[in-house]
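Participant: The structure's right below; bear with me while I get my questions together.
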Amino acid sequence: MTYTTLITPAELRALLQSPEPPLILEGSFDLADTDAGERAYAAGHIPGAFYLHLDRDLCGDKTGPDGSFRGRHPLPEREAFAALMRRLGLAAGRQVVAYDRQGGPYAAHIWWMLRWLGHAEVAVLDGAWDGEMTADVPTATPTDWQPGQPLVGQIDAATLLKKLGNVRLIDARAAERFRGEVEPLDKAAGHIPGASNRFFKDNLGADGRFKPAAQLRAEFQPLLAPHSASAVVQQCGSGVTACHNLLAMAVAGLDESNESLLYPGSWSEWSSDPARPIAKG
């Protein structure tokens with residue numbers, strides 16, 4: 001069986017016993033302590049898991065060719081990320097499972113990035129791992145895998161600026177940051193004009209797992225109406241937690257054609273240019 005959105009710990013345990021075990025990627029991270037995730041991985045992780053560091057492995061040059069700021073976590077060059085996946089053993093059709101220890105935002109980012117490479121067989125671990133842990137770092141078997149056509153889309157700041165008012169923009173940051181009451185990370189407080197707020201943690205139930213598909217669908221539909229998925233742009237602070245909302249929409253069956261777009265630069269890029277409009281409240 002192939003998993004393309006979520007996988008439970010029990011399902012992952014079964015896959016670990018199969019003749020073709022999945023490629024497991026841990027993305028645990030803390031924006032306030034950027035080495036915390038790696039320390040947690042070193043102390044104990046799912047057997048066979050490789051660690052991906054947000055800043056080192058999943059991020060590209062923060063400055064564009066024109067000297068502009070691209071955001072705190074801009075996407076790397078596509079081929080550079082594909083080369084990393086080859087080194088870790090990605091192969092066509094191989095199941096990938098991503099997880100973190102923060103409720104899935106960094107794992108969802110890995111999920112989106114692999115789909116960006118054209119790899120569909122990737123799922124996020126739904127809930128906390130409750131099985132065996134190890135401190136052993138696995139040995140990778142490199143492959144000659146090549147990326148395919150992207151299964152997801154993105155939008156840049158200039159294009160988004162032109163489309164404001166004609167897209168449904170959803171911001172995954174906490175409500176107080178969205179309203180502009182606080183801004184601990186970026187140059188200015190507030191949000192992109194016309195955006196609606198859907199804090200990514202609202203996708204999770206009290207047990208730390210994603211809410212049922214029907215509940216997610218009921219919560220997202222009022223945010224989307226009357227737009228179709230093709231007119232939806234997801235953003236956050238730096239293009240990471242927005243992927244959690246994209247995953248939630250996929251779980252809810254609201255974006256079966258993968259038409260919703262990610263704005264990778266998100267608020268960190270947008271707010272860096274005083275010429276771009278800002279809203280508060």
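How things are named: the first chain in the structure tokens is A, the next is B, and so on; residues count from 1 in each chain; ligands count from 1 in the order shown.
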Could you pull the residues within 12 Å of Leu6 (chain A), counting only C-alpha atoms, minus those fewer than 4 positions along the same chain, as a VMD selection string?
Facilitator: chain A and resid 2 10 to 12 95 to 99 104 107 to 108 111 121 to 127 209 to 213 244 247 to 252
Participant: Could you dump the residues just selected with N, CA and C atoms as a CSV table (one decimal), in the first residue's frame?
Facilitator:
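Everything below was put into selection02.csv:
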```
chain,number,residue,atom,x,y,z
A,2,THR,N,0.5,2.3,-0.8
A,2,THR,CA,1.2,3.5,-0.8
A,2,THR,C,0.5,4.6,0.0
A,10,ALA,N,1.3,2.8,13.7
A,10,ALA,CA,1.1,1.3,13.5
A,10,ALA,C,1.4,0.9,12.1
A,11,GLU,N,1.0,1.8,11.1
A,11,GLU,CA,1.2,1.5,9.7
A,11,GLU,C,2.7,1.6,9.4
A,12,LEU,N,3.4,2.5,10.1
A,12,LEU,CA,4.8,2.6,9.9
A,12,LEU,C,5.6,1.4,10.4
A,95,GLN,N,8.5,4.3,-0.8
A,95,GLN,CA,7.7,5.1,0.2
A,95,GLN,C,8.7,5.9,1.1
A,96,VAL,N,8.3,7.2,1.2
A,96,VAL,CA,9.0,8.1,2.2
A,96,VAL,C,8.1,8.4,3.3
A,97,VAL,N,8.6,8.5,4.5
A,97,VAL,CA,7.8,8.9,5.7
A,97,VAL,C,8.6,10.0,6.3
A,98,ALA,N,8.0,11.2,6.5
A,98,ALA,CA,8.6,12.3,7.2
A,98,ALA,C,7.9,12.5,8.5
A,99,TYR,N,8.7,12.9,9.5
A,99,TYR,CA,8.1,13.2,10.8
A,99,TYR,C,9.0,14.3,11.5
A,104,GLY,N,4.1,18.2,13.2
A,104,GLY,CA,4.1,18.0,11.8
A,104,GLY,C,4.5,19.1,10.8
A,107,ALA,N,7.8,18.3,9.0
A,107,ALA,CA,7.5,17.1,8.2
A,107,ALA,C,6.7,17.4,7.0
A,108,ALA,N,5.7,18.2,7.2
A,108,ALA,CA,4.8,18.6,6.1
A,108,ALA,C,5.6,19.4,5.0
A,111,TRP,N,7.3,16.9,3.1
A,111,TRP,CA,6.3,16.3,2.2
A,111,TRP,C,6.1,17.1,1.0
A,121,GLU,N,5.0,9.3,-3.5
A,121,GLU,CA,4.9,8.3,-2.4
A,121,GLU,C,5.6,8.8,-1.1
A,122,VAL,N,5.0,9.9,-0.6
A,122,VAL,CA,5.5,10.4,0.7
A,122,VAL,C,4.4,10.8,1.6
A,123,ALA,N,4.5,10.5,2.9
A,123,ALA,CA,3.5,10.7,3.9
A,123,ALA,C,4.1,11.2,5.2
A,124,VAL,N,3.3,11.9,5.9
A,124,VAL,CA,3.7,12.5,7.2
A,124,VAL,C,3.2,11.6,8.3
A,125,LEU,N,4.0,11.3,9.3
A,125,LEU,CA,3.6,10.5,10.5
A,125,LEU,C,2.6,11.2,11.2
A,126,ASP,N,1.4,10.6,11.4
A,126,ASP,CA,0.3,11.3,12.1
A,126,ASP,C,0.3,10.9,13.6
A,127,GLY,N,0.8,11.9,14.4
A,127,GLY,CA,0.9,11.7,15.8
A,127,GLY,C,2.3,11.3,16.2
A,209,ARG,N,-2.9,14.4,16.7
A,209,ARG,CA,-3.1,13.9,15.4
A,209,ARG,C,-3.9,14.8,14.5
A,210,PHE,N,-3.8,14.7,13.2
A,210,PHE,CA,-4.7,15.5,12.4
A,210,PHE,C,-6.1,15.2,12.6
A,211,LYS,N,-6.9,16.2,12.6
A,211,LYS,CA,-8.4,16.0,12.7
A,211,LYS,C,-8.9,15.1,11.6
A,212,PRO,N,-10.1,14.5,11.8
A,212,PRO,CA,-10.6,13.7,10.7
A,212,PRO,C,-10.9,14.5,9.5
A,213,ALA,N,-10.8,13.8,8.3
A,213,ALA,CA,-11.0,14.5,7.0
A,213,ALA,C,-12.3,15.4,7.0
A,244,HIS,N,1.7,22.7,6.2
A,244,HIS,CA,0.8,21.9,7.1
A,244,HIS,C,-0.6,22.1,6.7
A,247,LEU,N,-1.1,20.2,3.5
A,247,LEU,CA,-1.4,18.8,3.8
A,247,LEU,C,-2.8,18.6,4.3
A,248,ALA,N,-3.2,19.5,5.2
A,248,ALA,CA,-4.6,19.3,5.8
A,248,ALA,C,-5.6,19.4,4.7
A,249,MET,N,-5.4,20.3,3.7
A,249,MET,CA,-6.4,20.4,2.6
A,249,MET,C,-6.4,19.1,1.8
A,250,ALA,N,-5.2,18.5,1.6
A,250,ALA,CA,-5.1,17.2,0.9
A,250,ALA,C,-5.8,16.1,1.7
A,251,VAL,N,-5.6,16.1,3.0
A,251,VAL,CA,-6.3,15.1,3.8
A,251,VAL,C,-7.8,15.2,3.7
A,252,ALA,N,-8.2,16.5,3.7
A,252,ALA,CA,-9.7,16.8,3.6
A,252,ALA,C,-10.3,16.6,2.2
```
Participant: I need the alpha helix (DSSP H) residues of region 70-167 of chain A per DSSP on the backbone, written as a VMD selection string.
Facilitator: chain A and resid 78 to 88 105 to 116 157 to 163
Participant: Could you list, as a list of chain:residue names, every residue within 7 Å of Tyr106 (chain A), counting only C-alpha atoms and ignoring same-chain residues fewer than 5 positions away?
Facilitator: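 Contacts, in chain order: A:Gly27, A:Ser28, A:Asp100, A:Val240, A:Thr241.
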Participant: Can those selected residues be exported to a file as a short mmCIF file (atom, residue, chain, number, x, y, z; two decimals), in the first residue's frame so that it contains N, CA, C and O atoms?
Facilitator:
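Full text of part.cif as output:
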```cif
data_model
loop_
_atom_site.label_atom_id
_atom_site.label_comp_id
_atom_site.auth_asym_id
_atom_site.auth_seq_id
_atom_site.Cartn_x
_atom_site.Cartn_y
_atom_site.Cartn_z
N GLY A 27 12.57 15.79 10.51
CA GLY A 27 12.80 17.21 10.30
C GLY A 27 12.60 18.05 11.54
O GLY A 27 12.37 19.25 11.43
N SER A 28 12.67 17.46 12.72
CA SER A 28 12.43 18.21 13.96
C SER A 28 13.29 19.47 14.01
O SER A 28 14.47 19.45 13.65
N ASP A 100 8.35 14.85 12.55
CA ASP A 100 9.05 15.75 13.45
C ASP A 100 8.43 15.60 14.83
O ASP A 100 7.55 14.75 15.04
N VAL A 240 7.20 27.40 5.63
CA VAL A 240 7.30 26.07 6.21
C VAL A 240 5.95 25.60 6.75
O VAL A 240 5.38 24.62 6.27
N THR A 241 5.41 26.29 7.76
CA THR A 241 4.16 25.82 8.37
C THR A 241 2.97 25.92 7.42
O THR A 241 1.96 25.25 7.62
#
```
Participant: Here is a test: counting only C-alpha atoms, which residue of A:Trp112, A:Trp129, A:Tyr41, A:Trp145 is nearest to Ala91 (chain A)?
Facilitator: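 Of all the options, A:Trp145 lies closest to Ala91 (chain A).
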Participant: Record the distance separating CA of Gly131 (chain A) and CA of Ala49 (chain A), expressed in Å with one decimal.
Facilitator: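 According to the coordinates, CA of Gly131 (chain A) and CA of Ala49 (chain A) are separated by 13.0 Å.
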Participant: Here is a test: counting only C-alpha atoms, which residue of A:Pro222, A:Gly37, A:Pro150, A:Gly118 is nearest to Ala92 (chain A)?
Facilitator: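 Closest candidate: A:Gly118.
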Participant: Identify all residues of region 6-121 of chain A in strand (DSSP E) (DSSP on the backbone) and supply them as JSON, numbers by chain.
Facilitator: {"A": [6, 7, 23, 24, 25, 26, 49, 50, 51, 96, 97, 98, 99]}
Participant: Would you list the contacts of region 264-266 of chain A as a VMD selection string, taking every protein, DNA or RNA residue within 12 Å and counting only C-alpha atoms, but skipping same-chain residues closer than 4 positions in sequence?
Facilitator: chain A and resid 58 to 64 68 to 76 109 112 to 113 116 153 to 158 160 to 161 169 to 173 186 191 to 192 195 233 to 243 270 to 273
Participant: Please provide as a JSON list (two decimals) with all heavy atoms, in the first residue's frame all residues within 9 Å of Ser257 (chain A), with the sequence filter that same-chain residues fewer than 6 positions apart are discarded (counting only C-alpha atoms).
Facilitator:
```
[["chain", "number", "residue", "atom", "x", "y", "z"],
["A", 151, "LEU", "N", 4.67, 18.03, -8.63],
["A", 151, "LEU", "CA", 3.27, 17.69, -8.34],
["A", 151, "LEU", "C", 2.59, 18.82, -7.57],
["A", 151, "LEU", "O", 1.42, 18.70, -7.22],
["A", 151, "LEU", "CB", 3.21, 16.40, -7.52],
["A", 151, "LEU", "CG", 3.85, 15.17, -8.18],
["A", 151, "LEU", "CD1", 3.84, 13.99, -7.21],
["A", 151, "LEU", "CD2", 3.14, 14.82, -9.48],
["A", 229, "ALA", "N", -9.68, 25.42, -5.42],
["A", 229, "ALA", "CA", -8.33, 25.19, -4.92],
["A", 229, "ALA", "C", -7.28, 25.90, -5.78],
["A", 229, "ALA", "O", -6.23, 26.31, -5.29],
["A", 229, "ALA", "CB", -8.04, 23.69, -4.87],
["A", 230, "SER", "N", -7.56, 26.06, -7.07],
["A", 230, "SER", "CA", -6.59, 26.69, -7.98],
["A", 230, "SER", "C", -6.36, 28.16, -7.67],
["A", 230, "SER", "O", -5.38, 28.75, -8.14],
["A", 230, "SER", "CB", -7.05, 26.54, -9.43],
["A", 230, "SER", "OG", -8.28, 27.19, -9.62]]
```
Participant: Smallest atom-to-atom distance to Asn166 (chain A): which of A:Arg101, A:Pro226, A:Leu114, A:Ala135, using only C-alpha atoms?
Facilitator: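 Comparing A:Arg101, A:Pro226, A:Leu114, A:Ala135 against Asn166 (chain A), the winner is A:Pro226.
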Participant: For a test of reading the model, state the distance in Å between CA of Pro19 (chain A) and CA of Pro47 (chain A), rounded to one decimal.
Facilitator: 15.1 Å
Participant: Which residues, written as number ranges by chain, have at least one atom at most 12 Å from Thr134 (chain A), with only C-alpha atoms counted and residues fewer than 3 positions away on the same chain left out?
Facilitator: A: 40-50, 131, 137-138
